[in-house]
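Novice: Input file: protein06.cif. Contents: mmCIF, C-alpha atoms.
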```cif
data_model
loop_
_atom_site.label_atom_id
_atom_site.label_comp_id
_atom_site.auth_asym_id
_atom_site.auth_seq_id
_atom_site.Cartn_x
_atom_site.Cartn_y
_atom_site.Cartn_z
CA MET A 6 49.23 237.43 170.84
CA PRO A 7 49.57 234.11 169.00
CA ARG A 8 51.51 234.28 165.77
CA SER A 9 48.45 233.10 163.85
CA GLN A 10 46.71 236.33 164.79
CA ARG A 11 49.65 238.51 163.72
CA ASN A 12 49.90 237.45 160.09
CA ASP A 13 49.56 240.54 157.97
CA ASN A 14 49.49 239.33 154.38
CA PHE A 15 46.39 238.08 152.62
CA ILE A 16 47.63 234.54 151.95
CA ASP A 17 48.71 233.98 155.57
CA LYS A 18 45.43 235.37 156.87
CA THR A 19 43.44 233.19 154.47
CA PHE A 20 45.41 230.08 155.41
CA THR A 21 44.99 230.84 159.09
CA VAL A 22 41.23 231.31 158.79
CA MET A 23 40.86 228.09 156.78
CA ALA A 24 43.10 226.13 159.16
CA ASP A 25 41.13 227.40 162.14
CA MET A 26 37.84 226.36 160.52
CA ILE A 27 39.16 222.89 159.70
CA LEU A 28 40.61 222.56 163.18
CA LYS A 29 37.25 223.36 164.77
CA MET A 30 35.51 220.72 162.65
CA LEU A 31 38.03 217.93 163.18
CA PRO A 32 36.91 215.22 165.58
CA THR A 33 40.07 215.41 167.68
CA ASN A 34 40.67 216.23 171.29
CA ARG A 35 41.54 219.66 172.60
CA LYS A 36 45.18 218.73 173.26
CA ALA A 37 45.72 217.64 169.64
CA LYS A 38 44.15 220.84 168.36
CA GLU A 39 46.35 222.92 170.64
CA ALA A 40 49.42 221.00 169.45
CA PHE A 41 48.46 221.80 165.86
CA VAL A 42 48.17 225.53 166.66
CA TYR A 43 51.69 225.53 168.10
CA TYR A 44 52.98 223.56 165.12
CA ARG A 45 51.33 225.96 162.66
CA ASP A 46 52.78 228.94 164.54
CA GLY A 47 56.18 227.23 164.47
CA LEU A 48 55.96 226.83 160.70
CA SER A 49 55.00 230.46 160.32
CA ALA A 50 57.87 231.67 162.49
CA GLN A 51 60.30 229.35 160.70
CA SER A 52 59.25 230.64 157.29
CA GLU A 53 59.99 234.18 158.48
CA GLY A 54 63.42 233.22 159.84
CA GLU A 55 62.31 233.61 163.46
CA TYR A 56 64.03 230.40 164.50
CA ALA A 57 64.04 230.89 168.27
CA GLU A 58 60.30 231.52 168.23
CA ALA A 59 59.76 228.56 165.89
CA LEU A 60 61.69 226.25 168.21
CA GLU A 61 59.65 227.42 171.20
CA ASN A 62 56.44 226.65 169.32
CA TYR A 63 57.73 223.27 168.14
CA GLU A 64 58.80 222.33 171.66
CA GLU A 65 55.33 223.13 172.96
CA ALA A 66 53.72 221.23 170.07
CA LEU A 67 55.97 218.27 170.85
CA ARG A 68 54.94 218.39 174.50
CA LEU A 69 51.26 218.24 173.53
CA GLU A 70 51.31 216.00 170.46
CA GLU A 71 50.69 212.30 170.98
CA ASP A 72 50.53 211.10 167.37
CA GLN A 73 53.91 209.57 166.39
CA ASN A 74 53.63 210.64 162.76
CA ASP A 75 52.87 214.25 163.69
CA ARG A 76 55.70 214.23 166.24
CA SER A 77 58.08 213.07 163.50
CA PHE A 78 57.27 216.14 161.39
CA ILE A 79 57.79 218.45 164.36
CA LEU A 80 61.19 216.88 165.02
CA TYR A 81 62.04 217.09 161.31
CA ASN A 82 61.31 220.82 161.26
CA MET A 83 63.42 221.33 164.36
CA GLY A 84 66.23 219.54 162.52
CA LEU A 85 65.81 221.92 159.59
CA ILE A 86 66.33 224.89 161.87
CA TYR A 87 69.49 223.50 163.42
CA ALA A 88 70.86 222.52 160.01
CA SER A 89 70.20 225.98 158.60
CA ASN A 90 72.05 227.46 161.58
CA GLY A 91 75.05 225.19 160.93
CA ASP A 92 74.56 223.00 164.01
CA HIS A 93 74.76 219.77 162.04
CA ASP A 94 75.17 217.48 165.04
CA LYS A 95 72.01 218.82 166.66
CA ALA A 96 70.20 218.61 163.32
CA LEU A 97 71.24 214.97 163.01
CA GLU A 98 69.81 214.26 166.47
CA PHE A 99 66.42 215.63 165.46
CA TYR A 100 66.42 213.93 162.04
CA HIS A 101 67.27 210.59 163.66
CA GLN A 102 64.51 211.04 166.23
CA SER A 103 62.16 211.87 163.40
CA ILE A 104 62.89 208.70 161.43
CA GLU A 105 62.70 206.60 164.60
CA LEU A 106 59.06 207.68 164.81
CA ASN A 107 58.43 207.60 161.07
CA PRO A 108 60.95 205.54 159.06
CA ARG A 109 59.09 206.47 155.88
CA LEU A 110 60.20 210.11 155.89
CA PRO A 111 62.54 210.35 152.88
CA GLN A 112 63.23 214.05 153.36
CA ALA A 113 64.75 213.36 156.79
CA LEU A 114 66.83 210.53 155.34
CA ASN A 115 67.97 212.83 152.54
CA ASN A 116 68.94 215.58 154.96
CA ILE A 117 70.94 213.14 157.08
CA ALA A 118 72.76 212.05 153.92
CA VAL A 119 73.43 215.66 152.93
CA ILE A 120 75.02 216.35 156.33
CA TYR A 121 77.17 213.21 156.18
CA HIS A 122 78.24 214.13 152.66
CA TYR A 123 79.14 217.63 153.85
CA LYS A 124 81.16 216.13 156.73
CA GLY A 125 82.87 213.89 154.18
CA ASP A 126 83.82 216.91 152.09
CA LYS A 127 85.20 218.71 155.14
CA SER A 128 87.20 215.64 156.17
CA LYS A 129 88.56 215.32 152.63
CA GLU A 130 89.63 218.99 152.68
CA ALA A 131 91.45 218.30 155.96
CA GLU A 132 93.11 215.33 154.23
CA GLU A 133 91.44 212.86 156.59
CA LEU A 134 90.64 210.49 153.76
CA GLU A 135 89.54 207.44 155.77
CA ARG A 136 87.19 209.56 157.81
CA ALA A 137 85.88 211.20 154.63
CA GLU A 138 85.15 207.80 153.08
CA ALA A 139 83.32 206.70 156.22
CA PHE A 140 81.10 209.79 156.05
CA TYR A 141 80.49 209.25 152.32
CA ASP A 142 79.52 205.63 153.02
CA GLN A 143 77.04 206.80 155.66
CA ALA A 144 75.62 209.36 153.24
CA ALA A 145 75.23 206.63 150.61
CA GLU A 146 73.26 204.37 152.95
CA TYR A 147 70.81 207.14 153.87
CA TRP A 148 70.43 208.27 150.26
CA LYS A 149 69.71 204.71 149.13
CA GLU A 150 66.92 204.45 151.68
CA ALA A 151 65.52 207.89 150.77
CA ILE A 152 65.56 206.96 147.08
CA ARG A 153 63.93 203.61 147.80
CA LEU A 154 61.06 205.49 149.46
CA ALA A 155 60.88 208.29 146.86
CA PRO A 156 62.40 206.91 143.64
CA ASN A 157 61.62 209.95 141.51
CA ASN A 158 63.44 212.30 143.87
CA TYR A 159 67.08 212.97 144.71
CA ILE A 160 68.40 212.68 141.15
CA GLU A 161 71.73 214.28 142.08
CA ALA A 162 72.15 211.76 144.89
CA GLN A 163 71.34 208.93 142.47
CA ASN A 164 74.00 210.22 140.08
CA TRP A 165 76.53 210.58 142.91
CA LEU A 166 75.84 207.02 144.09
CA LYS A 167 76.36 205.69 140.59
CA THR A 168 79.46 207.74 139.71
CA THR A 169 81.18 206.91 143.01
CA GLY A 170 80.40 203.21 142.67
CA ARG A 171 78.32 203.21 145.84
CA SER A 172 75.38 201.82 143.93
CA THR A 173 75.26 199.53 140.94
CA MET A 174 71.59 200.14 140.23
CA ASP A 175 70.94 202.14 137.07
CA VAL A 176 67.43 203.10 138.09
CA PHE A 177 65.98 203.07 141.57
CA PHE A 178 62.32 202.72 140.59
#
```
Show me, as structure tokens, the structure contained in the file I just sent.
Specialist:
Amino acid sequence: MPRSQRNDNFIDKTFTVMADMILKMLPTNRKAKEAFVYYRDGLSAQSEGEYAEALENYEEALRLEEDQNDRSFILYNMGLIYASNGDHDKALEFYHQSIELNPRLPQALNNIAVIYHYKGDKSKEAEELERAEAFYDQAAEYWKEAIRLAPNNYIEAQNWLKTTGRSTMDVFF
């Protein structure tokens, strides 16, 4: 039984019914509609912490989806799952694939920066200071791009960039 038919709370059922109605009315092909169903089921599974099931749904959505923008969001969500499971290298792969398809996805850029910053912290703890600085520099570059795209977001990153001297701009917008 598809996940969309198993939702048991009122909000999920309402969303599912509305999404199904919209999907039926959209002037898209059958393959695109099927991709959306898998994507929606992936989101539902992900929100419930069913990551293996979410990844299966995302992989199927990715197989069917042809729109580059939609594919970028599928890849982004796959990156979220790997990041939340601590597989930062795999998460980076998916985030990078996502921004290759959609360079205007600030949340993917931010998440890449967060991972590089984390790697910088770990390198610093291991007293690998040159490596730590290289990771921090990478984080800074991704945060600058994310902030350029979404200037009212990532306030902590903006403060970090300024206090570490990695950016001389007082305001990004």
Novice: Given the file shown, determine the residues that the PyMOL selection byres ((chain A and resi 147-150) around 10) selects; report them as a VMD selection string.
Specialist: chain A and resid 108 to 119 121 142 to 146 151 to 156 159 162 to 163 165 to 166 171 to 172 177
Novice: I'd like the neighbourhood of A:Asp72 as a list in words, where a residue qualifies if any of its atoms comes within 12 Å (using all atoms listed in the file), though same-chain residues fewer than 6 positions away should be ignored.
Specialist: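 With the cut-off at 12 Å, the set is Thr33, Asn34, Lys36, Ala37, Lys38, Ala40, Phe41, Ala66, Phe78, Ile79, Leu106 and Asn107 of chain A.
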Novice: Have a look at atom CA of A:Glu70 and atom CA of A:Val42 and let me know their distance in Å, one decimal.
Specialist: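 Spanning atom CA of A:Glu70 to atom CA of A:Val42 is a straight-line distance of 10.7 Å.
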Novice: How many Å lie between atom CA of A:Asn74 and atom CA of A:Lys95, rounded to one decimal?
Specialist: 20.5 Å
Novice: Kindly give the distance, in Å, that separates atom CA of A:Thr168 and atom CA of A:Glu133, rounded to a single decimal.
Specialist: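 Spanning atom CA of A:Thr168 to atom CA of A:Glu133 is a straight-line distance of 21.3 Å.
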Novice: Can you give me, as a ChimeraX atom specification, the residues this file yields under the PyMOL selection byres ((chain A and resi 65) around 10)?
Specialist: /A:39-44,47,59-64,66-70
Novice: Which is closest to A:Ile104 among A:Asp92, A:Asp46, A:Asp75, A:Glu132, if we use all atoms listed in the file?
Specialist: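 So, comparing all the options, the nearest one is A:Asp75.
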Novice: With only C-alpha atoms as the atoms that count, which of A:Ser52, A:Arg136, A:Gln73, A:Gln102 lies nearest to A:Ile86?
Specialist: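 Closest candidate: A:Ser52.
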